[in-house]
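Data file: input-v9.pdb. Format and content: PDB, C-alpha atoms and all ligand atoms.
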```pdb
ATOM      1  CA  MET A 236      67.230  67.588  64.568
ATOM      2  CA  GLU A 237      68.127  70.496  66.846
ATOM      3  CA  LYS A 238      65.903  69.254  69.659
ATOM      4  CA  ASP A 239      67.576  65.861  69.676
ATOM      5  CA  LEU A 240      71.023  67.409  69.976
ATOM      6  CA  THR A 241      70.009  69.490  72.996
ATOM      7  CA  LEU A 242      68.645  66.475  74.828
ATOM      8  CA  GLU A 243      71.839  64.563  74.308
ATOM      9  CA  ASN A 244      73.946  67.382  75.691
ATOM     10  CA  GLN A 245      71.862  67.618  78.854
ATOM     11  CA  GLU A 246      72.274  63.945  79.633
ATOM     12  CA  THR A 247      76.039  64.125  79.223
ATOM     13  CA  GLN A 248      76.193  67.133  81.557
ATOM     14  CA  GLU A 249      74.251  65.293  84.264
ATOM     15  CA  ILE A 250      76.637  62.348  84.242
ATOM     16  CA  GLN A 251      79.637  64.670  84.606
ATOM     17  CA  ASP A 252      78.037  66.427  87.589
ATOM     18  CA  ILE A 253      77.524  63.149  89.432
ATOM     19  CA  GLN A 254      81.133  62.067  88.897
ATOM     20  CA  GLU A 255      82.497  65.373  90.192
ATOM     21  CA  PHE A 256      80.345  65.120  93.304
ATOM     22  CA  GLN A 257      81.597  61.626  94.124
ATOM     23  CA  ASP A 258      85.235  62.648  93.721
ATOM     24  CA  SER A 259      84.998  65.583  96.101
ATOM     25  CA  SER A 260      83.111  63.682  98.819
ATOM     26  CA  ASP A 261      85.713  60.913  98.738
ATOM     27  CA  GLU A 262      88.455  63.460  99.391
ATOM     28  CA  GLU A 263      86.648  64.866 102.450
ATOM     29  CA  ASN A 264      86.349  61.458 104.090
ATOM     30  CA  HIS A 265      90.116  61.232 104.466
ATOM     31  CA  SER A 266      90.678  64.329 106.546
ATOM     32  CA  GLU A 267      91.920  62.341 109.545
ATOM     33  CA  CYS A 268      95.245  60.517 109.673
ATOM     34  CA  MET A 269      95.017  56.937 108.374
ATOM     35  CA  ILE A 270      97.796  55.731 110.697
ATOM     36  CA  CYS A 271      96.642  56.903 114.137
ATOM     37  CA  LYS A 272      93.059  57.747 113.036
ATOM     38  CA  ARG A 273      93.016  60.658 115.430
ATOM     39  CA  ASP A 274      94.836  63.742 114.209
ATOM     40  CA  LYS A 275      94.146  65.936 111.229
ATOM     41  CA  VAL A 276      95.907  65.132 107.935
ATOM     42  CA  GLU A 277      98.712  67.583 107.286
ATOM     43  CA  TYR A 278     101.150  65.563 105.190
ATOM     44  CA  MET A 279     101.010  63.527 102.006
ATOM     45  CA  CYS A 280     103.123  60.596 100.865
ATOM     46  CA  PHE A 281     105.455  61.277  97.984
ATOM     47  CA  PRO A 282     105.563  60.380  95.109
ATOM     48  CA  CYS A 283     102.082  58.776  95.294
ATOM     49  CA  ARG A 284     100.597  62.006  96.771
ATOM     50  CA  CYS A 285      98.048  60.308  99.046
ATOM     51  CA  LYS A 286      96.998  62.685 101.802
ATOM     52  CA  ILE A 287      96.905  60.356 104.795
ATOM     53  CA  LEU A 288      99.394  61.491 107.453
ATOM     54  CA  CYS A 289      99.202  63.770 110.476
ATOM     55  CA  LYS A 290     102.269  65.649 111.678
ATOM     56  CA  LYS A 291     103.311  63.050 114.284
ATOM     57  CA  CYS A 292     103.002  60.079 111.933
ATOM     58  CA  ALA A 293     104.765  61.987 109.158
ATOM     59  CA  MET A 294     107.729  62.536 111.514
ATOM     60  CA  LYS A 295     107.862  58.801 112.331
ATOM     61  CA  MET A 296     107.730  57.857 108.651
ATOM     62  CA  ALA A 297     109.864  60.711 107.357
ATOM     63  CA  SER A 298     112.351  58.380 105.686
ATOM     64  CA  GLY A 299     109.632  56.456 103.851
ATOM     65  CA  GLY A 300     107.387  53.427 104.219
ATOM     66  CA  LYS A 301     104.319  51.792 102.752
ATOM     67  CA  CYS A 302     101.358  53.997 101.922
ATOM     68  CA  ARG A 303      98.197  52.875 103.758
ATOM     69  CA  LYS A 304      95.930  54.104 101.002
ATOM     70  CA  CYS A 305      97.409  52.837  97.737
ATOM     71  CA  THR A 306      99.914  50.337  99.306
ATOM     72  CA  LYS A 307     102.799  51.669  97.211
ATOM     73  CA  LEU A 308     106.147  52.462  98.803
ATOM     74  CA  PHE A 309     106.799  56.133  99.369
ATOM     75  CA  VAL A 310     110.148  57.796  99.984
ATOM     76  CA  GLN A 311     109.136  61.078 101.576
ATOM     77  CA  CYS A 312     106.356  62.950 103.408
ATOM     78  CA  LYS A 313     105.457  66.379 102.163
ATOM     79  CA  ARG A 314     103.453  69.033 103.976
ATOM     80  CA  ILE A 315     100.066  69.827 102.388
ATOM     81  CA  LEU A 316      99.986  73.539 101.703
TER      82      LEU A 316
HETATM   83 ZN    ZN B 401      98.686  60.142 112.672
HETATM   84 ZN    ZN B 402      99.610  56.383  98.295
END
```

What do you get writing this file as structure tokens?
Amino acid sequence: MEKDLTLENQETQEIQDIQEFQDSSDEENHSECMICKRDKVEYMCFPCRCKILCKKCAMKMASGGKCRKCTKLFVQCKRIL
């Protein structure tokens, strides 16, 4: 009985590792601005919190707009700390 339990735990752990890896790599792919596709991302849309804007594009869209990532409307750009 004990051996069976150990095997089950190992399989669950492996699945969790794979999911964590995919999440972090997805985040790294969006390090350049999704509007101008040139500058580094420094701002996120709020309240959806998508990190997609460089400084210049954040200034242009400071009063809000449509998020390019999740397509929701945002009301503010916040600096990523
Ligand atoms: Zn930009
Ligand atoms: Zn968004």

Please tabulate, as a tab-separated table, the residues of chain A that come within 10 Å of ligand ZN 402 (chain B), each with its closest pair of atoms and the distance in Å to one decimal, counting only C-alpha atoms and all ligand atoms and ordering rows by chain, then residue number upward.
```
residue	atom	partner	partner_atom	distance
A:Met279	CA	B:ZN402	ZN	8.2
A:Cys280	CA	B:ZN402	ZN	6.1
A:Phe281	CA	B:ZN402	ZN	7.6
A:Pro282	CA	B:ZN402	ZN	7.8
A:Cys283	CA	B:ZN402	ZN	4.6
A:Arg284	CA	B:ZN402	ZN	5.9
A:Cys285	CA	B:ZN402	ZN	4.3
A:Lys286	CA	B:ZN402	ZN	7.7
A:Ile287	CA	B:ZN402	ZN	8.1
A:Lys301	CA	B:ZN402	ZN	7.9
A:Cys302	CA	B:ZN402	ZN	4.7
A:Arg303	CA	B:ZN402	ZN	6.6
A:Lys304	CA	B:ZN402	ZN	5.1
A:Cys305	CA	B:ZN402	ZN	4.2
A:Thr306	CA	B:ZN402	ZN	6.1
A:Lys307	CA	B:ZN402	ZN	5.8
A:Leu308	CA	B:ZN402	ZN	7.6
A:Phe309	CA	B:ZN402	ZN	7.3
```

Could those selected residues go to a file with C-alpha atoms, as a PDB file, keeping the file's coordinate frame?
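Output file again-v7.pdb is given in full below:
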```pdb
ATOM      1  CA  MET A 279     101.010  63.527 102.006  1.00  0.00           C
ATOM      2  CA  CYS A 280     103.123  60.596 100.865  1.00  0.00           C
ATOM      3  CA  PHE A 281     105.455  61.277  97.984  1.00  0.00           C
ATOM      4  CA  PRO A 282     105.563  60.380  95.109  1.00  0.00           C
ATOM      5  CA  CYS A 283     102.082  58.776  95.294  1.00  0.00           C
ATOM      6  CA  ARG A 284     100.597  62.006  96.771  1.00  0.00           C
ATOM      7  CA  CYS A 285      98.048  60.308  99.046  1.00  0.00           C
ATOM      8  CA  LYS A 286      96.998  62.685 101.802  1.00  0.00           C
ATOM      9  CA  ILE A 287      96.905  60.356 104.795  1.00  0.00           C
ATOM     10  CA  LYS A 301     104.319  51.792 102.752  1.00  0.00           C
ATOM     11  CA  CYS A 302     101.358  53.997 101.922  1.00  0.00           C
ATOM     12  CA  ARG A 303      98.197  52.875 103.758  1.00  0.00           C
ATOM     13  CA  LYS A 304      95.930  54.104 101.002  1.00  0.00           C
ATOM     14  CA  CYS A 305      97.409  52.837  97.737  1.00  0.00           C
ATOM     15  CA  THR A 306      99.914  50.337  99.306  1.00  0.00           C
ATOM     16  CA  LYS A 307     102.799  51.669  97.211  1.00  0.00           C
ATOM     17  CA  LEU A 308     106.147  52.462  98.803  1.00  0.00           C
ATOM     18  CA  PHE A 309     106.799  56.133  99.369  1.00  0.00           C
TER      19      PHE A 309
END
```

**Message:** So that I can see what lies close to Tyr278 of chain A, please list as a list in words the residues with an atom at most 7 Å from it, counting only C-alpha atoms and leaving out residues fewer than 6 positions away in the same chain.
**Reply:**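 Non-adjacent residues within range: Lys286, Ile287, Leu288, Cys289, Lys290, Ala293, Cys312, Lys313, Arg314 and Ile315 of chain A.
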
Counting all atoms listed in the file, what are the residues, protein, DNA or RNA alike, that approach ligand ZN 401 (chain B) to within 8 Å? I want them as a compact mmCIF listing (two decimals) with C-alpha atoms, keeping the file's coordinate frame.
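Resulting contents of out_1.txt:
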```
# COMPACT_ATOMS: atom_id res chain seq x y z
CA GLU A 267 91.92 62.34 109.54
CA CYS A 268 95.24 60.52 109.67
CA MET A 269 95.02 56.94 108.37
CA ILE A 270 97.80 55.73 110.70
CA CYS A 271 96.64 56.90 114.14
CA LYS A 272 93.06 57.75 113.04
CA ARG A 273 93.02 60.66 115.43
CA ASP A 274 94.84 63.74 114.21
CA LYS A 275 94.15 65.94 111.23
CA VAL A 276 95.91 65.13 107.94
CA LEU A 288 99.39 61.49 107.45
CA CYS A 289 99.20 63.77 110.48
CA LYS A 290 102.27 65.65 111.68
CA LYS A 291 103.31 63.05 114.28
CA CYS A 292 103.00 60.08 111.93
CA ALA A 293 104.76 61.99 109.16
```

The PyMOL selection byres (((chain A and resi 298) around 7) and not hetatm) resolved against shown file, as a compact mmCIF listing (two decimals) with C-alpha atoms, in the coordinates of the input:
```txt
# COMPACT_ATOMS: atom_id res chain seq x y z
CA MET A 296 107.73 57.86 108.65
CA ALA A 297 109.86 60.71 107.36
CA GLY A 299 109.63 56.46 103.85
CA VAL A 310 110.15 57.80 99.98
CA GLN A 311 109.14 61.08 101.58
```
